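Trainee: One structure is given below, represented as structure tokens, and several questions about it will come after.
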Amino acid sequence: MDLQDVARGIRVPTLILCGGRDKLTAPALSQELSQLIPGSRLLILERAGHMLPLEAPEWVNQAILDFVRSVARCEVGPLSFLRRVVKRSILRRLIDTGRTLFGRG
């Protein structure tokens with residue numbers, strides 16, 4: 001599936017996050033995508049793989065917060081309360097809960 005024309009047509013602020021050890025969506029593909037989307041921002045976390053929200057939820061959350069602040073047309077106030085609430089991704093919390101419920105935790 002070739003979506004290069006679609007990517008070239010994106011005209012909104014775009015953040016691309018990638019794990020440096022991602023075997024499914026290699027960093028080179030993310031770099032190509034970033035080059036196709038005018039003004040996009042690419043961040044690569046070298047120590048992570050394909051599951052960034054599970055492997056580095058705080059990094060992902062911070063990257064998104066920083067990006068939103070950088071493109072917001074209005075002031076984005078302090079979001080420190082989110083850091084307490086979102087220490088782990090929702091997916092990670094669900095997996096941990098499932099492990100606990102089914103005796104694999």
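Quick note on naming: the chains in the structure tokens go A, B, ... in the order shown, residues restart at 1 in each chain, and ligands are numbered from 1 in order of appearance.
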Can you tell me which residues surround Pro27 of chain A at a distance of at most 8 Å, considering only C-alpha atoms, apart from same-chain residues fewer than 6 positions away, and format the answer as a list in words?
Mentor: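 Once the nearby chain positions are removed, what remains is Cys18, Gly19, Gly20, Arg21 and Ile44 of chain A.
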Trainee: Could the residues in this selection be saved with N, CA, C and O atoms as a short mmCIF file (atom, residue, chain, number, x, y, z; two decimals), in the first residue's frame?
Mentor:
data_model
loop_
_atom_site.label_atom_id
_atom_site.label_comp_id
_atom_site.auth_asym_id
_atom_site.auth_seq_id
_atom_site.Cartn_x
_atom_site.Cartn_y
_atom_site.Cartn_z
N CYS A 18 8.92 7.08 17.09
CA CYS A 18 9.43 5.79 16.61
C CYS A 18 10.45 5.24 17.61
O CYS A 18 11.20 6.00 18.22
N GLY A 19 10.47 3.94 17.75
CA GLY A 19 11.49 3.28 18.55
C GLY A 19 12.69 2.94 17.68
O GLY A 19 12.53 2.43 16.56
N GLY A 20 13.87 3.22 18.16
CA GLY A 20 15.08 2.95 17.41
C GLY A 20 15.31 1.47 17.12
O GLY A 20 16.03 1.11 16.19
N ARG A 21 14.69 0.61 17.92
CA ARG A 21 14.83 -0.84 17.74
C ARG A 21 13.58 -1.48 17.13
O ARG A 21 13.39 -2.69 17.21
N ILE A 44 12.85 9.88 17.77
CA ILE A 44 13.18 8.45 17.82
C ILE A 44 13.78 8.17 19.19
O ILE A 44 14.74 8.82 19.60
#
Trainee: Would you kindly return, as a ChimeraX atom specification, each protein, DNA or RNA residue with an atom no farther than 9 Å from any atom of Ile10 of chain A, considering only C-alpha atoms and excluding same-chain residues fewer than 5 positions away?
Mentor: /A:36-38
Trainee: Got a sec: who's within 8 Å of segment 60-66 of chain A, counting only C-alpha atoms, leaving out chain neighbours fewer than 3 positions off, as a PDB file with N, CA and C atoms, in the first residue's frame?
Mentor:
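Below is the file around15.pdb, written as the result:
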ATOM      1  N   LEU A  15       3.326  14.895  14.673  1.00  0.00           N
ATOM      2  CA  LEU A  15       4.392  14.329  15.489  1.00  0.00           C
ATOM      3  C   LEU A  15       4.514  12.853  15.128  1.00  0.00           C
ATOM      4  N   LEU A  17       6.475   9.453  16.235  1.00  0.00           N
ATOM      5  CA  LEU A  17       7.283   8.822  17.286  1.00  0.00           C
ATOM      6  C   LEU A  17       7.683   7.436  16.810  1.00  0.00           C
ATOM      7  N   LEU A  52       6.083   1.617  21.754  1.00  0.00           N
ATOM      8  CA  LEU A  52       6.502   2.794  22.525  1.00  0.00           C
ATOM      9  C   LEU A  52       5.606   3.102  23.724  1.00  0.00           C
ATOM     10  N   PRO A  53       4.280   3.111  23.575  1.00  0.00           N
ATOM     11  CA  PRO A  53       3.450   3.439  24.741  1.00  0.00           C
ATOM     12  C   PRO A  53       3.604   2.459  25.900  1.00  0.00           C
ATOM     13  N   ALA A  56       7.863   2.905  26.967  1.00  0.00           N
ATOM     14  CA  ALA A  56       8.319   4.204  27.491  1.00  0.00           C
ATOM     15  C   ALA A  56       7.147   5.177  27.615  1.00  0.00           C
ATOM     16  N   PRO A  57       6.142   4.830  28.439  1.00  0.00           N
ATOM     17  CA  PRO A  57       4.946   5.677  28.503  1.00  0.00           C
ATOM     18  C   PRO A  57       5.226   7.114  28.950  1.00  0.00           C
ATOM     19  N   ARG A  69       2.037  21.663  23.289  1.00  0.00           N
ATOM     20  CA  ARG A  69       2.395  23.009  23.748  1.00  0.00           C
ATOM     21  C   ARG A  69       3.049  23.820  22.628  1.00  0.00           C
ATOM     22  N   SER A  70       3.853  23.170  21.807  1.00  0.00           N
ATOM     23  CA  SER A  70       4.572  23.896  20.757  1.00  0.00           C
ATOM     24  C   SER A  70       3.657  24.353  19.614  1.00  0.00           C
ATOM     25  N   VAL A  86      -0.845   9.473  34.705  1.00  0.00           N
ATOM     26  CA  VAL A  86      -0.440   8.724  33.528  1.00  0.00           C
ATOM     27  C   VAL A  86       1.009   8.262  33.635  1.00  0.00           C
TER      28      VAL A  86
END
Trainee: For each of A:Ile95, A:Leu54, A:Ala28, A:Leu42, take the minimum atom-to-atom distance to Phe67 of chain A, counting only C-alpha atoms, then give the residue where this is smallest.
Mentor: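 The answer is A:Leu42, which sits nearest to Phe67 of chain A.
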Trainee: Identify which of the residues A:Val68, A:Phe102, A:Thr14, A:Val6 lies closest to Ser40 of chain A, counting only C-alpha atoms when measuring atom-to-atom distances.
Mentor: A:Thr14
Trainee: Here is a test: counting only C-alpha atoms, which residue of A:Leu24, A:Gly39, A:Ser34, A:Gly49 is nearest to Arg11 of chain A?
Mentor: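 Comparing A:Leu24, A:Gly39, A:Ser34, A:Gly49 against Arg11 of chain A, the winner is A:Gly39.
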Trainee: Please return as a PyMOL selection string: the residues of segment 29-76 of chain A that backbone DSSP assigns to alpha helix (DSSP H).
Mentor: chain A and resi 29-36+52-55+57-71
Trainee: Write a file of the just-selected residues containing N, CA, C and O atoms, as a CSV table (one decimal), in the first residue's frame.
Mentor:
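And here is the file that came out, again.csv:
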chain,number,residue,atom,x,y,z
A,29,LEU,N,11.7,4.1,7.9
A,29,LEU,CA,10.4,4.4,7.4
A,29,LEU,C,9.8,5.6,8.0
A,29,LEU,O,9.1,6.4,7.4
A,30,SER,N,10.1,5.8,9.3
A,30,SER,CA,9.6,6.9,10.0
A,30,SER,C,10.3,8.2,9.5
A,30,SER,O,9.7,9.3,9.3
A,31,GLN,N,11.6,8.1,9.2
A,31,GLN,CA,12.3,9.2,8.6
A,31,GLN,C,11.7,9.6,7.2
A,31,GLN,O,11.6,10.7,6.9
A,32,GLU,N,11.4,8.6,6.4
A,32,GLU,CA,10.8,8.8,5.1
A,32,GLU,C,9.5,9.5,5.3
A,32,GLU,O,9.2,10.5,4.5
A,33,LEU,N,8.7,9.0,6.2
A,33,LEU,CA,7.4,9.6,6.4
A,33,LEU,C,7.5,11.1,6.9
A,33,LEU,O,6.8,12.0,6.4
A,34,SER,N,8.5,11.3,7.7
A,34,SER,CA,8.7,12.7,8.2
A,34,SER,C,9.1,13.6,7.0
A,34,SER,O,8.7,14.8,7.0
A,35,GLN,N,9.9,13.1,6.1
A,35,GLN,CA,10.3,13.9,4.9
A,35,GLN,C,9.1,14.2,4.0
A,35,GLN,O,9.1,15.2,3.3
A,36,LEU,N,8.1,13.3,4.0
A,36,LEU,CA,6.9,13.5,3.1
A,36,LEU,C,5.9,14.5,3.7
A,36,LEU,O,5.2,15.1,2.9
A,52,LEU,N,6.1,1.6,21.8
A,52,LEU,CA,6.5,2.8,22.5
A,52,LEU,C,5.6,3.1,23.7
A,52,LEU,O,6.1,3.3,24.8
A,53,PRO,N,4.3,3.1,23.6
A,53,PRO,CA,3.4,3.4,24.7
A,53,PRO,C,3.6,2.5,25.9
A,53,PRO,O,3.4,2.8,27.1
A,54,LEU,N,4.0,1.2,25.6
A,54,LEU,CA,4.2,0.2,26.7
A,54,LEU,C,5.6,0.3,27.2
A,54,LEU,O,5.9,0.1,28.4
A,55,GLU,N,6.6,0.5,26.3
A,55,GLU,CA,8.0,0.5,26.7
A,55,GLU,C,8.4,1.8,27.4
A,55,GLU,O,9.3,1.8,28.2
A,57,PRO,N,6.1,4.8,28.4
A,57,PRO,CA,4.9,5.7,28.5
A,57,PRO,C,5.2,7.1,28.9
A,57,PRO,O,4.6,8.0,28.4
A,58,GLU,N,6.1,7.3,29.9
A,58,GLU,CA,6.4,8.7,30.3
A,58,GLU,C,7.1,9.5,29.2
A,58,GLU,O,6.8,10.7,29.0
A,59,TRP,N,8.0,8.9,28.5
A,59,TRP,CA,8.6,9.6,27.4
A,59,TRP,C,7.6,9.9,26.3
A,59,TRP,O,7.6,11.1,25.8
A,60,VAL,N,6.7,9.0,26.0
A,60,VAL,CA,5.6,9.2,25.0
A,60,VAL,C,4.7,10.4,25.4
A,60,VAL,O,4.4,11.3,24.7
A,61,ASN,N,4.3,10.3,26.7
A,61,ASN,CA,3.4,11.3,27.2
A,61,ASN,C,4.1,12.7,27.2
A,61,ASN,O,3.4,13.7,26.8
A,62,GLN,N,5.3,12.7,27.6
A,62,GLN,CA,6.0,14.0,27.6
A,62,GLN,C,6.2,14.6,26.2
A,62,GLN,O,6.1,15.7,25.9
A,63,ALA,N,6.5,13.7,25.2
A,63,ALA,CA,6.7,14.1,23.9
A,63,ALA,C,5.4,14.7,23.3
A,63,ALA,O,5.4,15.7,22.6
A,64,ILE,N,4.3,14.0,23.6
A,64,ILE,CA,3.0,14.5,23.1
A,64,ILE,C,2.7,15.9,23.8
A,64,ILE,O,2.3,16.8,23.1
A,65,LEU,N,2.9,16.0,25.1
A,65,LEU,CA,2.6,17.2,25.8
A,65,LEU,C,3.5,18.4,25.2
A,65,LEU,O,3.0,19.5,25.0
A,66,ASP,N,4.8,18.1,25.0
A,66,ASP,CA,5.7,19.1,24.5
A,66,ASP,C,5.2,19.5,23.1
A,66,ASP,O,5.3,20.7,22.7
A,67,PHE,N,4.8,18.6,22.3
A,67,PHE,CA,4.4,18.9,20.9
A,67,PHE,C,3.1,19.7,20.9
A,67,PHE,O,3.0,20.7,20.2
A,68,VAL,N,2.1,19.3,21.8
A,68,VAL,CA,0.9,20.1,21.9
A,68,VAL,C,1.2,21.5,22.3
A,68,VAL,O,0.7,22.5,21.7
A,69,ARG,N,2.0,21.7,23.3
A,69,ARG,CA,2.4,23.0,23.7
A,69,ARG,C,3.0,23.8,22.6
A,69,ARG,O,2.8,25.0,22.5
A,70,SER,N,3.9,23.2,21.8
A,70,SER,CA,4.6,23.9,20.8
A,70,SER,C,3.7,24.4,19.6
A,70,SER,O,4.0,25.3,18.9
A,71,VAL,N,2.5,23.7,19.4
A,71,VAL,CA,1.7,24.0,18.3
A,71,VAL,C,0.3,24.6,18.8
A,71,VAL,O,-0.5,25.1,17.9
